[in-house]
Amino acid sequence: MRTLGIIGGMSWYSTAEYYRVLNTAVQERLGGHHSAHVLLESLDFAEVRELQLADDWAGAGEVLAAAGRRLEAAGADAVLIATNLMHKVAGAVEAAVDVPLLHIADAVADVATAAGHRTLGIMGTRWVMAEPFYADRLARHDIGALVPDAAAQEEVDRIIFDELTQGLVTDESRARLLAVVDDLRSAGADAVVLACTELELALPAAGGPVPLIDSARVHALAAAEHALAGAEAVTG
């Protein structure tokens with residue numbers, strides 16, 4: 001089995017979910033006491049958040065690139081960034097390592113394509129919604145993207161950073177997020193990607209106005225497939 005290197009801690013709530021999904025997938029495939037080979041570089045989110053607020057993306061890229069190098073040096077066969085937003089600096093991490101970077105938007109696009117979705121609504125932090133780096137990656141897979149209006153973007157961003165990344169989930173915020181999902185459906189989205197790995201804490205996987213793609217889950221499952229492909233290559 002290939003060893004996965006996770007750059008996590010942004011926030012630790014979603015990183016814990018990555019670990020759970022990865023190991024569940026491996027155990028379901030291999031049975032018994034099997035679990036994933038995982039190396040975790042859990043960053044202090046407070047330090048990363050300061051760089052975000054300062055718009056110091058070069059500095060943030062250096063922090064994540066250094067984490068990627070440490071994971072590779074420790075034996076990781078592939079690296080993944082356990083957050084959507086920090087894929088803004090995915091290029092810096094890719095340039096720093098010689099092993100594959102498993103990109104979250106590629107995993108989202110693969111699931112969307114398999115389900116027949118061609119236009120995704122994007123919900124995430126304001127950078128993910130307002131800047132092109134995420135939608136551009138989806139476009140490589142011929143997936144179109146829609147985002148909420150500016151006011152809704154600010155509200156979603158506030159809910160993520162003031163509540164969800166600190167482990168707080170309220171009924172009021174859940175209702176507001178569902179309303180944003182419905183607005184994206186009305187605008188033409190045939191599915192909505194929860195492009196913040198904490199949004200799945202607040203929104204149900206099913207039962208909403210449009211199908212939801214949980215980016216953290218599909219990314220972790222894609223990573224599990226990558227790890228298991230190594231095992232199958234040896235045993236097959």
# chains A, B, ... in the order shown; residues from 1 in each chain; ligands from 1
call {"tool": "closest_atom_pairs", "arguments": {"of": "range 53-94 of chain A", "to": "range 10-21 of chain A", "cutoff": "10 Å", "atoms": "only C-alpha atoms", "output": "CSV"}}
result
residue,atom,partner,partner_atom,distance
A:Ile81,CA,A:Met10,CA,9.1
A:Ala82,CA,A:Thr15,CA,6.2
A:Thr83,CA,A:Met10,CA,6.4
A:Asn84,CA,A:Met10,CA,9.5
A:Leu85,CA,A:Met10,CA,9.3
A:Met86,CA,A:Met10,CA,8.5
call {"tool": "closest_residue", "arguments": {"among": "A:Met1, A:Gly167, A:Ala227, A:Cys196", "to": "Tyr134 in chain A", "atoms": "only C-alpha atoms"}}
result
A:Cys196
call {"tool": "residues_around", "arguments": {"residues": "Val93 in chain A", "least_positions_apart": "2", "cutoff": "10 Å", "atoms": "only C-alpha atoms", "output": "count of residues only"}}
result
22
call {"tool": "closest_residue", "arguments": {"among": "A:Val169, A:Asp106, A:Ala130, A:Glu163", "to": "Ala151 in chain A", "atoms": "only C-alpha atoms"}}
result
A:Ala130
call {"tool": "closest_residue", "arguments": {"among": "A:Ala112, A:Ile159, A:Leu164, A:Ala189", "to": "Asp142 in chain A", "atoms": "only C-alpha atoms"}}
result
A:Ala112
call {"tool": "residues_around", "arguments": {"residues": "Leu120 in chain A", "least_positions_apart": "3", "cutoff": "9 Å", "atoms": "only C-alpha atoms", "output": "ChimeraX atom specification"}}
result
/A:112,117,138,143-147,184,188-193
call {"tool": "write_last_selection", "arguments": {"atoms": "C-alpha atoms", "output": "short mmCIF file (atom, residue, chain, number, x, y, z; two decimals), in the first residue's frame"}}
result
data_model
loop_
_atom_site.label_atom_id
_atom_site.label_comp_id
_atom_site.auth_asym_id
_atom_site.auth_seq_id
_atom_site.Cartn_x
_atom_site.Cartn_y
_atom_site.Cartn_z
CA ALA A 112 -19.31 15.21 -10.67
CA HIS A 117 -23.15 16.95 -13.37
CA LEU A 138 -12.76 22.22 -12.56
CA ILE A 143 -17.05 21.30 -15.50
CA GLY A 144 -18.64 24.75 -15.34
CA ALA A 145 -18.87 26.72 -12.09
CA LEU A 146 -21.28 29.18 -10.47
CA VAL A 147 -20.71 31.12 -7.25
CA LEU A 184 -27.21 28.27 -6.72
CA GLY A 188 -28.42 26.77 -12.92
CA ALA A 189 -26.19 24.54 -10.80
CA ASP A 190 -27.07 20.85 -11.09
CA ALA A 191 -25.00 20.09 -7.97
CA VAL A 192 -23.14 22.11 -5.33
CA VAL A 193 -19.63 21.34 -4.12
#
call {"tool": "atom_distance", "arguments": {"atom1": "CA of Val181 in chain A", "atom2": "CA of Gln166 in chain A"}}
result
22.2 Å
call {"tool": "residues_around", "arguments": {"residues": "range 32-40 of chain A", "least_positions_apart": "6", "cutoff": "9 Å", "atoms": "only C-alpha atoms", "output": "list in words"}}
result
Met1, Arg2, Thr3, Leu4, Gly5, Ile6, Ile7, Gly8, Tyr19, Leu22, Asn23, Thr24, Ala25, Val26, Leu71, Ala74, Gly75, Ala76, Ala224, Ala227 and Leu228 of chain A
call {"tool": "write_last_selection", "arguments": {"atoms": "all heavy atoms", "output": "tab-separated table (two decimals), in the first residue's frame"}}
result
chain	number	residue	atom	x	y	z
A	1	MET	N	0.84	-1.20	0.00
A	1	MET	CA	0.00	0.00	0.00
A	1	MET	C	0.88	1.25	0.00
A	1	MET	O	1.87	1.33	0.72
A	1	MET	CB	-0.90	-0.01	1.24
A	1	MET	CG	-2.05	0.95	1.14
A	1	MET	SD	-3.18	0.98	2.56
A	1	MET	CE	-2.74	-0.47	3.48
A	2	ARG	N	0.50	2.21	-0.83
A	2	ARG	CA	1.25	3.47	-0.85
A	2	ARG	C	1.02	4.27	0.43
A	2	ARG	O	-0.07	4.21	1.02
A	2	ARG	CB	0.83	4.30	-2.05
A	2	ARG	CG	1.24	3.72	-3.39
A	2	ARG	CD	0.62	4.48	-4.52
A	2	ARG	NE	1.04	3.96	-5.82
A	2	ARG	CZ	0.28	3.96	-6.90
A	2	ARG	NH1	-0.95	4.46	-6.86
A	2	ARG	NH2	0.73	3.47	-8.04
A	3	THR	N	2.01	5.03	0.83
A	3	THR	CA	1.91	5.88	2.01
A	3	THR	C	1.45	7.27	1.60
A	3	THR	O	2.01	7.88	0.69
A	3	THR	CB	3.27	5.97	2.72
A	3	THR	OG1	3.68	4.66	3.15
A	3	THR	CG2	3.19	6.88	3.93
A	4	LEU	N	0.42	7.76	2.27
A	4	LEU	CA	-0.14	9.07	2.00
A	4	LEU	C	0.38	10.09	2.99
A	4	LEU	O	0.39	9.85	4.20
A	4	LEU	CB	-1.67	9.03	2.08
A	4	LEU	CG	-2.37	8.08	1.11
A	4	LEU	CD1	-3.84	7.95	1.47
A	4	LEU	CD2	-2.21	8.57	-0.34
A	5	GLY	N	0.80	11.24	2.49
A	5	GLY	CA	1.22	12.34	3.35
A	5	GLY	C	0.17	13.43	3.34
A	5	GLY	O	-0.13	13.99	2.29
A	6	ILE	N	-0.41	13.72	4.49
A	6	ILE	CA	-1.48	14.71	4.59
A	6	ILE	C	-0.94	15.99	5.22
A	6	ILE	O	-0.37	15.97	6.31
A	6	ILE	CB	-2.65	14.18	5.45
A	6	ILE	CG1	-3.23	12.89	4.88
A	6	ILE	CG2	-3.75	15.24	5.58
A	6	ILE	CD1	-4.32	12.28	5.74
A	7	ILE	N	-1.14	17.11	4.51
A	7	ILE	CA	-0.89	18.43	5.09
A	7	ILE	C	-2.22	18.88	5.67
A	7	ILE	O	-3.15	19.22	4.95
A	7	ILE	CB	-0.38	19.43	4.05
A	7	ILE	CG1	0.86	18.89	3.34
A	7	ILE	CG2	-0.08	20.77	4.71
A	7	ILE	CD1	1.34	19.77	2.20
A	8	GLY	N	-2.34	18.84	7.00
A	8	GLY	CA	-3.63	19.07	7.64
A	8	GLY	C	-3.57	20.13	8.71
A	8	GLY	O	-2.67	20.97	8.76
A	19	TYR	N	-8.94	11.44	8.11
A	19	TYR	CA	-8.34	10.23	8.68
A	19	TYR	C	-9.38	9.12	8.82
A	19	TYR	O	-9.11	7.95	8.51
A	19	TYR	CB	-7.72	10.57	10.04
A	19	TYR	CG	-6.89	9.46	10.64
A	19	TYR	CD1	-5.62	9.16	10.13
A	19	TYR	CD2	-7.37	8.71	11.71
A	19	TYR	CE1	-4.86	8.14	10.68
A	19	TYR	CE2	-6.61	7.69	12.27
A	19	TYR	CZ	-5.36	7.40	11.74
A	19	TYR	OH	-4.60	6.39	12.28
A	22	LEU	N	-10.39	7.82	5.19
A	22	LEU	CA	-9.30	7.05	4.61
A	22	LEU	C	-9.23	5.64	5.20
A	22	LEU	O	-9.17	4.64	4.47
A	22	LEU	CB	-7.97	7.76	4.87
A	22	LEU	CG	-7.52	8.84	3.90
A	22	LEU	CD1	-6.33	9.58	4.47
A	22	LEU	CD2	-7.16	8.23	2.56
A	23	ASN	N	-9.23	5.56	6.51
A	23	ASN	CA	-9.08	4.27	7.15
A	23	ASN	C	-10.31	3.39	6.98
A	23	ASN	O	-10.19	2.17	6.83
A	23	ASN	CB	-8.74	4.45	8.63
A	23	ASN	CG	-7.29	4.83	8.82
A	23	ASN	OD1	-6.39	4.03	8.60
A	23	ASN	ND2	-7.05	6.07	9.23
A	24	THR	N	-11.49	4.01	6.97
A	24	THR	CA	-12.70	3.23	6.71
A	24	THR	C	-12.66	2.62	5.32
A	24	THR	O	-12.99	1.43	5.13
A	24	THR	CB	-13.95	4.12	6.85
A	24	THR	OG1	-14.02	4.60	8.20
A	24	THR	CG2	-15.22	3.34	6.55
A	25	ALA	N	-12.25	3.40	4.33
A	25	ALA	CA	-12.19	2.90	2.95
A	25	ALA	C	-11.19	1.75	2.82
A	25	ALA	O	-11.47	0.74	2.16
A	25	ALA	CB	-11.82	4.03	2.01
A	26	VAL	N	-10.04	1.89	3.44
A	26	VAL	CA	-9.03	0.83	3.36
A	26	VAL	C	-9.50	-0.43	4.07
A	26	VAL	O	-9.36	-1.55	3.55
A	26	VAL	CB	-7.69	1.33	3.95
A	26	VAL	CG1	-6.71	0.18	4.13
A	26	VAL	CG2	-7.09	2.40	3.04
A	71	LEU	N	7.03	15.60	4.54
A	71	LEU	CA	6.26	14.36	4.35
A	71	LEU	C	6.95	13.44	3.35
A	71	LEU	O	7.03	12.23	3.55
A	71	LEU	CB	4.84	14.71	3.89
A	71	LEU	CG	3.95	15.34	4.95
A	71	LEU	CD1	2.69	15.90	4.31
A	71	LEU	CD2	3.58	14.31	6.03
A	74	ALA	N	9.87	11.79	4.85
A	74	ALA	CA	9.48	10.76	5.81
A	74	ALA	C	8.95	9.51	5.14
A	74	ALA	O	8.70	8.50	5.82
A	74	ALA	CB	8.43	11.32	6.76
A	75	GLY	N	8.77	9.57	3.81
A	75	GLY	CA	8.35	8.35	3.10
A	75	GLY	C	7.02	8.42	2.38
A	75	GLY	O	6.54	7.39	1.88
A	76	ALA	N	6.40	9.59	2.28
A	76	ALA	CA	5.11	9.69	1.59
A	76	ALA	C	5.29	9.44	0.10
A	76	ALA	O	6.21	9.97	-0.53
A	76	ALA	CB	4.49	11.06	1.81
A	224	ALA	N	-7.54	7.33	-0.86
A	224	ALA	CA	-7.56	5.92	-0.49
A	224	ALA	C	-7.40	5.04	-1.73
A	224	ALA	O	-6.67	4.03	-1.70
A	224	ALA	CB	-8.87	5.59	0.23
A	227	ALA	N	-3.80	5.01	-2.71
A	227	ALA	CA	-3.02	4.17	-1.81
A	227	ALA	C	-3.26	2.69	-2.10
A	227	ALA	O	-2.32	1.89	-2.16
A	227	ALA	CB	-3.36	4.48	-0.36
A	228	LEU	N	-4.51	2.33	-2.31
A	228	LEU	CA	-4.86	0.93	-2.54
A	228	LEU	C	-4.37	0.44	-3.89
A	228	LEU	O	-4.07	-0.75	-4.06
A	228	LEU	CB	-6.38	0.75	-2.42
A	228	LEU	CG	-6.91	0.86	-0.99
A	228	LEU	CD1	-8.42	1.07	-1.00
A	228	LEU	CD2	-6.54	-0.39	-0.19
call {"tool": "closest_residue", "arguments": {"among": "A:Gly121, A:Glu154, A:Val108, A:Thr165", "to": "Arg49 in chain A", "atoms": "only C-alpha atoms"}}
result
A:Thr165
call {"tool": "select_by_dssp", "arguments": {"residues": "range 69-121 of chain A", "states": "strand (DSSP E)", "output": "PyMOL selection string"}}
result
chain A and resi 78-81+119-121
call {"tool": "write_last_selection", "arguments": {"atoms": "C-alpha atoms", "output": "compact mmCIF listing (two decimals), in the first residue's frame"}}
result
# COMPACT_ATOMS: atom_id res chain seq x y z
CA ALA A 78 1.79 11.08 -2.53
CA VAL A 79 0.77 14.30 -0.79
CA LEU A 80 -2.64 15.84 -0.25
CA ILE A 81 -3.69 19.20 1.20
CA THR A 119 -22.31 22.84 -13.74
CA LEU A 120 -21.30 23.01 -10.09
CA GLY A 121 -22.18 25.68 -7.58
call {"tool": "select_by_dssp", "arguments": {"residues": "chain A", "states": "alpha helix (DSSP H)", "output": "ChimeraX atom specification"}}
result
/A:12-30,45-53,57-73,90-96,104-115,126-130,133-139,150-162,171-187,215-235
call {"tool": "closest_residue", "arguments": {"among": "A:Arg29, A:Arg158, A:Lys88, A:Arg176", "to": "Ala135 in chain A", "atoms": "only C-alpha atoms"}}
result
A:Lys88
